[in-house]
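K.L.:
Sharing input.csv, CSV, C-alpha atoms and all ligand atoms:
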```csv
chain,number,residue,atom,x,y,z
C,1,MET,CA,-6.6,-8.2,-33.6
C,2,ILE,CA,-5.7,-11.0,-31.2
C,3,ALA,CA,-6.0,-11.9,-27.6
C,4,HIS,CA,-4.4,-15.3,-27.4
C,5,THR,CA,-2.2,-14.6,-24.4
C,6,GLY,CA,0.9,-15.8,-26.3
C,7,ILE,CA,4.5,-15.3,-25.6
C,8,GLU,CA,5.2,-13.9,-29.1
C,9,SER,CA,2.7,-11.1,-28.3
C,10,ILE,CA,4.6,-10.2,-25.2
C,11,ASN,CA,7.8,-9.9,-27.1
C,12,ARG,CA,6.2,-7.5,-29.5
C,13,TYR,CA,5.3,-5.2,-26.5
C,14,ARG,CA,8.7,-5.2,-24.8
C,15,GLY,CA,9.2,-1.6,-26.0
C,16,THR,CA,5.8,-0.5,-24.8
C,17,LEU,CA,5.5,-2.2,-21.4
C,18,ARG,CA,8.1,-2.4,-18.6
C,19,GLU,CA,10.6,-5.2,-19.2
C,20,GLU,CA,10.1,-6.9,-15.7
C,21,PHE,CA,6.4,-6.8,-16.2
C,22,CYS,CA,6.7,-8.5,-19.5
C,23,ASP,CA,8.7,-11.2,-17.9
C,24,PHE,CA,6.2,-11.6,-15.1
C,25,LEU,CA,3.3,-11.8,-17.6
C,26,GLY,CA,5.1,-14.2,-19.8
C,27,GLY,CA,5.5,-16.6,-16.9
C,28,LEU,CA,1.9,-16.2,-15.9
C,29,TRP,CA,0.6,-16.9,-19.4
C,30,LYS,CA,2.7,-20.0,-19.5
C,31,VAL,CA,1.0,-21.2,-16.3
C,32,ARG,CA,-2.3,-20.2,-17.7
C,33,ALA,CA,-1.8,-22.3,-20.8
C,34,ALA,CA,-1.6,-25.3,-18.5
C,35,VAL,CA,-4.7,-24.5,-16.4
C,36,PRO,CA,-7.3,-27.2,-16.9
C,37,VAL,CA,-10.5,-26.2,-18.8
C,38,LEU,CA,-13.8,-27.4,-17.3
C,39,GLU,CA,-15.8,-29.3,-19.9
C,40,TRP,CA,-19.1,-27.6,-20.5
C,41,ALA,CA,-21.7,-28.0,-23.2
C,42,LEU,CA,-24.1,-25.3,-24.2
C,43,GLN,CA,-27.8,-26.2,-24.1
C,44,GLU,CA,-29.4,-26.0,-27.5
C,45,THR,CA,-31.8,-23.2,-26.9
C,46,GLY,CA,-29.9,-20.1,-25.6
C,47,PRO,CA,-31.6,-16.9,-24.5
C,48,ASP,CA,-32.9,-14.5,-27.2
C,49,ALA,CA,-31.7,-11.0,-28.0
C,50,GLU,CA,-34.2,-9.4,-25.7
C,51,SER,CA,-33.3,-11.3,-22.6
C,52,LEU,CA,-29.6,-10.7,-23.3
C,53,SER,CA,-30.1,-7.0,-23.1
C,54,ASP,CA,-31.2,-7.5,-19.6
C,55,LYS,CA,-28.9,-10.3,-18.2
C,56,PRO,CA,-25.7,-11.8,-19.7
C,57,TYR,CA,-25.8,-15.2,-21.2
C,58,PHE,CA,-24.0,-16.9,-18.3
C,59,ALA,CA,-26.7,-15.6,-15.9
C,60,HIS,CA,-29.0,-18.0,-17.7
C,61,GLU,CA,-26.6,-20.9,-17.9
C,62,GLN,CA,-22.9,-21.0,-16.8
C,63,PRO,CA,-20.2,-23.6,-16.2
C,64,GLN,CA,-20.3,-25.0,-12.7
C,65,MET,CA,-16.8,-25.5,-11.4
C,66,THR,CA,-16.5,-27.5,-8.2
C,67,ALA,CA,-14.4,-26.3,-5.3
C,68,ASP,CA,-12.0,-29.2,-5.8
C,69,PHE,CA,-11.5,-28.4,-9.5
C,70,PHE,CA,-10.8,-24.7,-8.5
C,71,ARG,CA,-8.4,-25.6,-5.8
C,72,GLU,CA,-6.4,-28.0,-8.0
C,73,ALA,CA,-6.3,-25.6,-10.9
C,74,PHE,CA,-5.3,-22.7,-8.6
C,75,ALA,CA,-2.3,-24.5,-6.9
C,76,PRO,CA,0.3,-23.9,-9.7
C,77,VAL,CA,-0.9,-20.4,-10.3
C,78,ILE,CA,-0.5,-19.6,-6.6
C,79,ARG,CA,3.0,-21.1,-6.6
C,80,TYR,CA,3.9,-18.9,-9.6
C,81,LEU,CA,2.6,-15.7,-8.0
C,82,ALA,CA,4.4,-16.5,-4.7
C,83,SER,CA,7.7,-17.1,-6.5
C,84,SER,CA,7.5,-13.9,-8.5
C,85,GLN,CA,6.2,-11.6,-5.7
C,86,SER,CA,7.7,-11.8,-2.3
C,87,ASP,CA,4.7,-10.1,-0.5
C,88,PHE,CA,2.4,-12.8,-1.9
C,89,ALA,CA,4.4,-15.7,-0.5
C,90,GLU,CA,2.9,-15.4,3.0
C,91,VAL,CA,-0.6,-14.8,1.6
C,92,ALA,CA,-0.2,-17.8,-0.6
C,93,GLU,CA,0.4,-20.2,2.3
C,94,LYS,CA,-2.7,-19.0,4.1
C,95,LEU,CA,-4.7,-19.1,0.8
C,96,GLU,CA,-3.7,-22.7,0.1
C,97,LYS,CA,-3.7,-24.2,3.5
C,98,GLU,CA,-6.7,-22.4,5.1
C,99,VAL,CA,-8.9,-20.1,2.9
C,100,LEU,CA,-9.3,-22.3,-0.2
C,101,LEU,CA,-10.0,-25.4,1.9
C,102,GLN,CA,-13.2,-23.7,3.3
C,103,LEU,CA,-14.6,-23.1,-0.2
C,104,ALA,CA,-17.7,-25.2,-1.0
C,105,ASP,CA,-19.1,-25.9,-4.5
C,106,SER,CA,-21.9,-23.4,-3.8
C,107,ASP,CA,-19.3,-20.6,-3.4
C,108,LEU,CA,-18.5,-21.1,-7.1
C,109,ALA,CA,-22.0,-21.2,-8.4
C,110,LYS,CA,-21.8,-17.7,-9.9
C,111,ALA,CA,-18.1,-17.6,-10.5
C,112,PHE,CA,-18.5,-16.9,-14.2
C,113,THR,CA,-20.8,-13.9,-13.8
C,114,GLU,CA,-19.5,-12.6,-10.5
C,115,PRO,CA,-15.8,-13.4,-10.2
C,116,GLN,CA,-15.4,-10.2,-8.2
C,117,MET,CA,-17.5,-11.7,-5.4
C,118,LEU,CA,-15.3,-14.6,-5.2
C,119,ILE,CA,-12.2,-12.4,-5.2
C,120,ALA,CA,-13.7,-10.1,-2.5
C,121,ARG,CA,-14.5,-13.1,-0.3
C,122,LEU,CA,-11.0,-14.6,-0.6
C,123,SER,CA,-9.4,-11.2,-0.2
C,124,LYS,CA,-11.4,-10.5,3.0
C,125,GLU,CA,-10.5,-13.8,4.5
C,126,LEU,CA,-6.8,-13.1,3.7
C,127,GLY,CA,-7.1,-9.6,5.2
C,128,LEU,CA,-5.8,-7.9,2.0
C,129,GLU,CA,-6.0,-4.2,1.4
C,130,LEU,CA,-7.9,-3.1,-1.7
C,131,GLY,CA,-5.3,-2.1,-4.4
C,132,SER,CA,-2.3,-3.7,-2.6
C,133,ASP,CA,0.2,-5.7,-4.6
C,134,SER,CA,-1.1,-8.9,-3.0
C,135,TRP,CA,-4.7,-8.0,-3.8
C,136,PHE,CA,-3.7,-7.5,-7.5
C,137,ALA,CA,-1.9,-10.8,-7.5
C,138,LEU,CA,-5.0,-12.6,-6.0
C,139,GLN,CA,-7.2,-11.0,-8.6
C,140,LEU,CA,-4.9,-12.0,-11.4
C,141,GLY,CA,-4.7,-15.5,-10.0
C,142,VAL,CA,-8.5,-16.1,-9.8
C,143,ILE,CA,-9.0,-14.7,-13.3
C,144,THR,CA,-6.1,-16.9,-14.6
C,145,VAL,CA,-7.9,-20.0,-13.2
C,146,LEU,CA,-11.4,-19.1,-14.4
C,147,GLY,CA,-10.4,-17.4,-17.7
C,148,PRO,CA,-9.7,-20.5,-19.8
C,149,THR,CA,-13.1,-22.1,-18.9
C,150,ALA,CA,-14.9,-18.8,-19.5
C,151,CYS,CA,-13.3,-18.4,-22.9
C,152,ALA,CA,-14.0,-22.0,-23.9
C,153,ALA,CA,-17.7,-21.7,-22.8
C,154,ALA,CA,-18.1,-18.3,-24.5
C,155,SER,CA,-16.6,-19.6,-27.8
C,156,GLN,CA,-19.6,-21.9,-28.1
C,157,ILE,CA,-22.0,-19.1,-28.0
C,158,THR,CA,-23.3,-17.3,-31.1
C,159,LEU,CA,-24.8,-14.0,-30.1
C,160,PRO,CA,-28.2,-13.3,-31.7
C,161,GLU,CA,-28.3,-10.5,-34.3
C,162,GLY,CA,-29.3,-7.1,-33.1
C,163,ILE,CA,-28.5,-7.4,-29.4
C,164,GLU,CA,-28.8,-3.9,-27.9
C,165,ALA,CA,-26.7,-4.0,-24.8
C,166,LYS,CA,-27.9,-1.6,-22.1
C,167,ASP,CA,-24.4,-0.7,-21.2
C,168,GLY,CA,-20.8,-1.7,-22.0
C,169,SER,CA,-20.9,-4.9,-20.0
C,170,CYS,CA,-20.2,-8.2,-21.8
C,171,PRO,CA,-23.4,-9.9,-23.1
C,172,VAL,CA,-21.9,-13.3,-22.4
C,173,CYS,CA,-20.4,-12.9,-18.9
C,174,GLY,CA,-21.5,-9.5,-17.7
C,175,GLN,CA,-18.0,-8.1,-17.0
C,176,PRO,CA,-17.3,-4.5,-18.0
C,177,ALA,CA,-15.6,-4.1,-21.4
C,178,GLU,CA,-11.9,-4.1,-21.2
C,179,ILE,CA,-11.3,-2.1,-24.3
C,180,GLY,CA,-13.2,-0.7,-27.3
C,181,ILE,CA,-12.2,-0.8,-31.0
C,182,LEU,CA,-13.3,1.9,-33.4
C,183,LYS,CA,-13.7,0.0,-36.7
C,184,GLU,CA,-12.9,1.2,-40.2
C,185,THR,CA,-15.5,3.6,-41.5
C,186,ASP,CA,-18.1,2.1,-43.9
C,187,GLU,CA,-20.5,4.3,-45.9
C,188,LEU,CA,-23.6,2.8,-44.4
C,189,HIS,CA,-22.8,2.8,-40.7
C,190,GLY,CA,-20.0,5.4,-40.2
C,191,SER,CA,-17.3,4.1,-37.9
C,192,PRO,CA,-18.9,1.3,-35.8
C,193,ARG,CA,-17.5,0.4,-32.4
C,194,GLU,CA,-17.0,-2.9,-30.9
C,195,LEU,CA,-16.2,-3.8,-27.3
C,196,TRP,CA,-14.0,-6.6,-26.0
C,197,CYS,CA,-14.2,-8.6,-22.8
C,198,ALA,CA,-10.9,-9.6,-21.2
C,199,PHE,CA,-12.5,-12.4,-19.1
C,200,CYS,CA,-14.4,-14.5,-21.8
C,201,GLU,CA,-12.8,-12.8,-24.9
C,202,THR,CA,-16.2,-12.0,-26.5
C,203,GLN,CA,-16.3,-9.1,-28.9
C,204,TRP,CA,-19.7,-7.4,-29.6
C,205,PRO,CA,-21.0,-4.2,-31.3
C,206,TYR,CA,-21.9,-1.1,-29.3
C,207,GLN,CA,-22.9,2.4,-30.4
C,208,ARG,CA,-20.1,4.6,-31.2
C,209,ILE,CA,-21.1,7.6,-29.2
C,210,ARG,CA,-22.4,6.3,-26.0
C,211,CYS,CA,-20.9,5.9,-22.5
C,212,THR,CA,-20.1,2.2,-21.8
C,213,HIS,CA,-20.9,2.7,-18.1
C,214,CYS,CA,-24.0,4.9,-17.7
C,215,GLY,CA,-25.3,4.8,-21.3
C,216,SER,CA,-25.2,8.6,-21.8
C,217,ARG,CA,-25.5,9.5,-25.5
C,218,SER,CA,-24.9,13.2,-24.8
C,219,GLN,CA,-22.0,14.5,-27.0
C,220,THR,CA,-21.3,17.2,-24.3
C,221,ASP,CA,-20.7,14.5,-21.7
C,222,LEU,CA,-18.3,12.5,-23.7
C,223,SER,CA,-14.7,13.6,-24.5
C,224,TYR,CA,-11.7,11.7,-25.8
C,225,HIS,CA,-8.1,12.1,-25.0
C,226,PHE,CA,-4.8,10.8,-26.3
C,227,ASP,CA,-1.0,11.3,-26.0
C,228,GLU,CA,0.3,13.6,-28.7
C,229,GLY,CA,1.7,11.5,-31.6
C,230,ASP,CA,-0.3,8.4,-30.6
C,231,GLU,CA,-3.9,9.0,-31.8
C,232,LYS,CA,-4.7,5.3,-32.1
C,233,ARG,CA,-4.8,4.8,-28.3
C,234,ARG,CA,-7.5,6.9,-26.7
C,235,ILE,CA,-9.3,7.3,-23.4
C,236,TYR,CA,-13.0,8.3,-23.4
C,237,PHE,CA,-14.2,10.2,-20.4
C,238,CYS,CA,-17.9,10.6,-19.5
C,239,ARG,CA,-18.8,13.6,-17.4
C,240,ALA,CA,-22.2,12.1,-16.5
C,241,CYS,CA,-20.7,9.3,-14.5
C,242,SER,CA,-17.0,10.2,-14.2
C,243,LYS,CA,-15.8,7.0,-15.7
C,244,THR,CA,-13.4,6.1,-18.5
C,245,GLN,CA,-13.1,3.6,-21.4
C,246,LYS,CA,-10.0,2.6,-23.3
C,247,ILE,CA,-10.3,2.7,-27.1
C,248,LEU,CA,-8.2,1.6,-30.0
C,249,VAL,CA,-8.7,3.2,-33.4
C,250,GLU,CA,-8.4,0.5,-36.0
C,251,LYS,CA,-7.6,2.7,-39.0
C,252,ASP,CA,-4.5,4.1,-37.3
C,253,ILE,CA,-3.1,0.7,-36.6
C,254,GLN,CA,-0.5,-0.4,-39.0
C,255,ASN,CA,-0.5,-4.2,-38.3
C,256,PRO,CA,-3.8,-5.1,-36.7
C,257,ASP,CA,-2.7,-8.8,-36.7
C,258,GLU,CA,0.1,-8.0,-34.3
C,259,VAL,CA,-2.1,-6.0,-31.9
C,260,ASP,CA,-2.9,-7.9,-28.7
C,261,LEU,CA,-6.0,-6.4,-27.0
C,262,ARG,CA,-5.1,-7.7,-23.6
C,263,LEU,CA,-1.7,-6.0,-23.8
C,264,GLU,CA,-3.1,-2.8,-25.3
C,265,ALA,CA,-5.4,-2.5,-22.4
C,266,ILE,CA,-2.5,-2.8,-20.0
C,267,ALA,CA,-0.5,-0.3,-22.0
C,268,LEU,CA,-3.4,2.2,-21.8
C,269,ALA,CA,-3.7,2.0,-18.0
C,270,GLY,CA,-1.3,4.8,-17.3
C,271,LEU,CA,-3.0,7.2,-19.7
C,272,GLU,CA,-6.4,6.1,-18.4
C,273,GLU,CA,-5.5,7.1,-14.8
C,274,ALA,CA,-3.9,10.4,-15.9
C,275,VAL,CA,-7.0,11.3,-18.0
C,276,TRP,CA,-9.3,10.3,-15.2
C,277,ARG,CA,-7.5,12.5,-12.6
C,278,ARG,CA,-7.3,15.5,-15.0
C,279,CYS,CA,-11.0,15.3,-16.0
C,280,LEU,CA,-12.1,15.0,-12.4
C,281,GLU,CA,-10.2,18.1,-11.5
C,282,LYS,CA,-11.7,19.9,-14.3
C,283,ALA,CA,-15.2,18.8,-13.4
C,284,LYS,CA,-14.6,20.1,-9.8
C,285,ASP,CA,-13.4,23.4,-11.2
C,286,ASP,CA,-16.5,23.6,-13.3
C,287,GLY,CA,-18.6,23.2,-10.2
C,288,LYS,CA,-19.6,19.7,-11.1
C,289,SER,CA,-19.3,17.4,-8.2
C,290,ALA,CA,-17.1,14.3,-8.8
C,291,GLU,CA,-18.3,12.6,-5.6
C,292,GLY,CA,-18.5,8.8,-5.7
C,293,ALA,CA,-16.2,8.6,-8.8
C,294,GLU,CA,-14.4,5.3,-8.8
C,295,ASP,CA,-10.7,5.1,-9.5
C,296,PRO,CA,-10.5,3.3,-12.9
C,297,ARG,CA,-7.7,1.0,-11.6
C,298,TRP,CA,-10.2,-0.8,-9.3
C,299,ALA,CA,-13.4,-0.1,-11.1
C,300,ASN,CA,-13.2,-3.3,-13.2
B,1,ZN,ZN,-17.3,-11.6,-21.2
B,2,ZN,ZN,-21.1,7.7,-18.3
```
Could you spell out this file's structure in structure tokens?
Ligand SMILES: [Zn+2]
Ligand SMILES: [Zn+2]
P.N.:
Amino acid sequence: MIAHTGIESINRYRGTLREEFCDFLGGLWKVRAAVPVLEWALQETGPDAESLSDKPYFAHEQPQMTADFFREAFAPVIRYLASSQSDFAEVAEKLEKEVLLQLADSDLAKAFTEPQMLIARLSKELGLELGSDSWFALQLGVITVLGPTACAAASQITLPEGIEAKDGSCPVCGQPAEIGILKETDELHGSPRELWCAFCETQWPYQRIRCTHCGSRSQTDLSYHFDEGDEKRRIYFCRACSKTQKILVEKDIQNPDEVDLRLEAIALAGLEEAVWRRCLEKAKDDGKSAEGAEDPRWAN
């Protein structure tokens, strides 16, 4: 399976995703391909398996992007977003001419482990409403600028054998897993599961029956859901924490080389939200409080 953010991938998903959205993403990925990558060399001795179970790799050592580099890389991305989304045009002007100019290098010190903090700060200064179209565009924009450097840095890292992640967050950058893959069954291990990070594109092993958010291993807490006739795309729901995880079942996929994890995750967003709402209702009916449950659309 691939995650190369390529135009050919998008064309394969034109039947699955909305046509205008494919056009928008195609344009964004073209812009992303031209985003400069910050040079960063890994130190020779990385953290060991034990410390990675506690903190992600980038918390020990991460690329340090300067505010100037960020502003310059962001400019064409902002222009693209403003041209494709009219609401964002006004925001874009304030972002470029005011908000970004106030950023200091220190504001980017943790950009690769806490991109949400950076997005939240920019969003607050722009006065954006959480979940609004412009908020989504800003989030996409920041990730588009940081993503190529995160991927290049992560590609230098070989994870030590036997990492036992405490939850489903990425052992390299700490972002929540975007999607899980249930691998082919082998006699020794059953069907192992791997998780994939959309930010730095790391893929790592994780227990098959375990919530990726709260770590619950209780079979009664975990249920899975799919649309009739499409068993390969599933949503796991955990009753212990009321959160969801997108899953692909490898054995049910006919051409794994043509599967794009990033686009699969987008394709699963509608089912994820529907399952989340249905399961929350059921939990309430069962007398189980669903207070504090986060909408999966903004949880990541
Ligand atoms: Zn990652
Ligand atoms: Zn859970």
K.L.:
Distance atom CA of C:Leu182-atom CA of C:Ser53, one decimal place?
P.N.:
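Interatomic distance, atom CA of C:Leu182 to atom CA of C:Ser53: 21.6 Å.
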K.L.:
Between chain C and ligand ZN 2 (chain B), at 7 Å or less, what are the per-residue closest atom pairs and their distances in Å? Count only C-alpha atoms and all ligand atoms, order by chain and rising residue number, and return it as a Markdown table.
P.N.:
```
| residue | atom | partner | partner_atom | distance |
| --- | --- | --- | --- | --- |
| C:Cys211 | CA | B:ZN2 | ZN | 4.6 |
| C:Thr212 | CA | B:ZN2 | ZN | 6.6 |
| C:His213 | CA | B:ZN2 | ZN | 5.0 |
| C:Cys214 | CA | B:ZN2 | ZN | 4.1 |
| C:Gly215 | CA | B:ZN2 | ZN | 5.9 |
| C:Ser216 | CA | B:ZN2 | ZN | 5.5 |
| C:Cys238 | CA | B:ZN2 | ZN | 4.5 |
| C:Arg239 | CA | B:ZN2 | ZN | 6.4 |
| C:Ala240 | CA | B:ZN2 | ZN | 4.9 |
| C:Cys241 | CA | B:ZN2 | ZN | 4.1 |
| C:Ser242 | CA | B:ZN2 | ZN | 6.3 |
| C:Lys243 | CA | B:ZN2 | ZN | 5.9 |
```
K.L.:
Using only C-alpha atoms, which of C:Asp285, C:Asp68, C:Glu93, C:Glu258 sits nearest C:Leu108?
P.N.:
C:Asp68
K.L.:
Work out how far apart atom CA of C:Lys284 and atom CA of C:Tyr224 are and give it in Å to one decimal.
P.N.:
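One can read the atom CA of C:Lys284 to atom CA of C:Tyr224 distance as 18.3 Å.
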K.L.:
Just the residues within 8 Å of C:Tyr236, please, counting all atoms listed in the file, with nothing from its chain fewer than 3 positions along; format it as an mmCIF file with C-alpha atoms, in the frame of the given file.
P.N.:
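That gives us result.cif:
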```cif
data_model
loop_
_atom_site.group_PDB
_atom_site.id
_atom_site.type_symbol
_atom_site.label_atom_id
_atom_site.label_comp_id
_atom_site.auth_asym_id
_atom_site.auth_seq_id
_atom_site.Cartn_x
_atom_site.Cartn_y
_atom_site.Cartn_z
ATOM 1 C CA LEU C 222 -18.300 12.500 -23.700
ATOM 2 C CA SER C 223 -14.700 13.600 -24.500
ATOM 3 C CA TYR C 224 -11.700 11.700 -25.800
ATOM 4 C CA HIS C 225 -8.100 12.100 -25.000
ATOM 5 C CA THR C 244 -13.400 6.100 -18.500
ATOM 6 C CA GLN C 245 -13.100 3.600 -21.400
ATOM 7 C CA LYS C 246 -10.000 2.600 -23.300
ATOM 8 C CA ILE C 247 -10.300 2.700 -27.100
#
```
K.L.:
For ligand ZN 1 (chain B), collect every residue having any atom at a distance of at most 7 Å from a ligand atom (counting all atoms listed in the file); output as a count of residues only.
P.N.:
12
K.L.:
Find the residue from C:Arg233, C:Ala274, C:Glu184, C:Arg32 that sits nearest to C:Lys251; use all atoms listed in the file when measuring.
P.N.:
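That would be C:Glu184, the residue with the smallest distance to C:Lys251.
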K.L.:
If I take atom CA of C:Asn255 and atom CA of C:Ile2, how far is one from the other in Å, to one decimal?
P.N.:
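Spanning atom CA of C:Asn255 to atom CA of C:Ile2 is a straight-line distance of 11.1 Å.
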K.L.:
Show which residues sit within 12 Å of C:Gln102, as number ranges by chain. Count all atoms listed in the file, and ignore same-chain residues fewer than 5 positions away.
P.N.:
C: 67-68, 71, 94-97, 107-108, 121-122, 125
K.L.:
Find the residues near stretch 75-87 of chain C: any atom within 7 Å, counting only C-alpha atoms, skip ones fewer than 2 places away on the same chain, and give them as a list in words.
P.N.:
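Here the qualifying residues turn out to be Val31, Arg71, Glu72, Ala73, Ala89, Glu90, Ala92, Ser134, Ala137 and Gly141 of chain C.
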K.L.:
Within 9 Å of (-24.7, -19.4, -15.8), all atoms listed in the file: residues as a ChimeraX atom specification?
P.N.:
/C:56-64,109-113,173
K.L.:
Considering all atoms listed in the file, state which residue in the set C:Glu161, C:Glu231, C:Asp105, C:Glu250 is at the smallest distance from C:Arg193.
P.N.:
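Result for the nearest residue to C:Arg193: C:Glu250.
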K.L.:
Given only C-alpha atoms as the basis, pick out the residue of C:Ile253, C:Ile179, C:Val37, C:Val275 nearest to C:Pro148.
P.N.:
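Smallest distance to C:Pro148 is found for C:Val37.
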K.L.:
Can you work out which one of C:Glu114, C:Asp167, C:Glu98, C:Asp286 has the shortest atom-to-atom distance to C:Val142, counting only C-alpha atoms?
P.N.:
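Of C:Glu114, C:Asp167, C:Glu98, C:Asp286, the one nearest C:Val142 is C:Glu114, counting only C-alpha atoms.
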K.L.:
Let me make sure I understand: among C:Ser155, C:Leu248, C:Gly229, C:Phe70, which one has the smallest atom-to-atom distance to C:Lys183 if we use only C-alpha atoms?
P.N.:
C:Leu248
K.L.:
Name the residues within 9 Å of (-0.7, -4.5, -20.6), counting only C-alpha atoms in the file's coordinates, and put them as a ChimeraX atom specification.
P.N.:
/C:13,16-17,21-22,25,261-269
K.L.:
Excluding same-chain residues fewer than 2 positions from C:Ser9, what lies within 8 Å of it counting all atoms listed in the file, as a ChimeraX atom specification?
P.N.:
/C:5-7,11-13,258-260
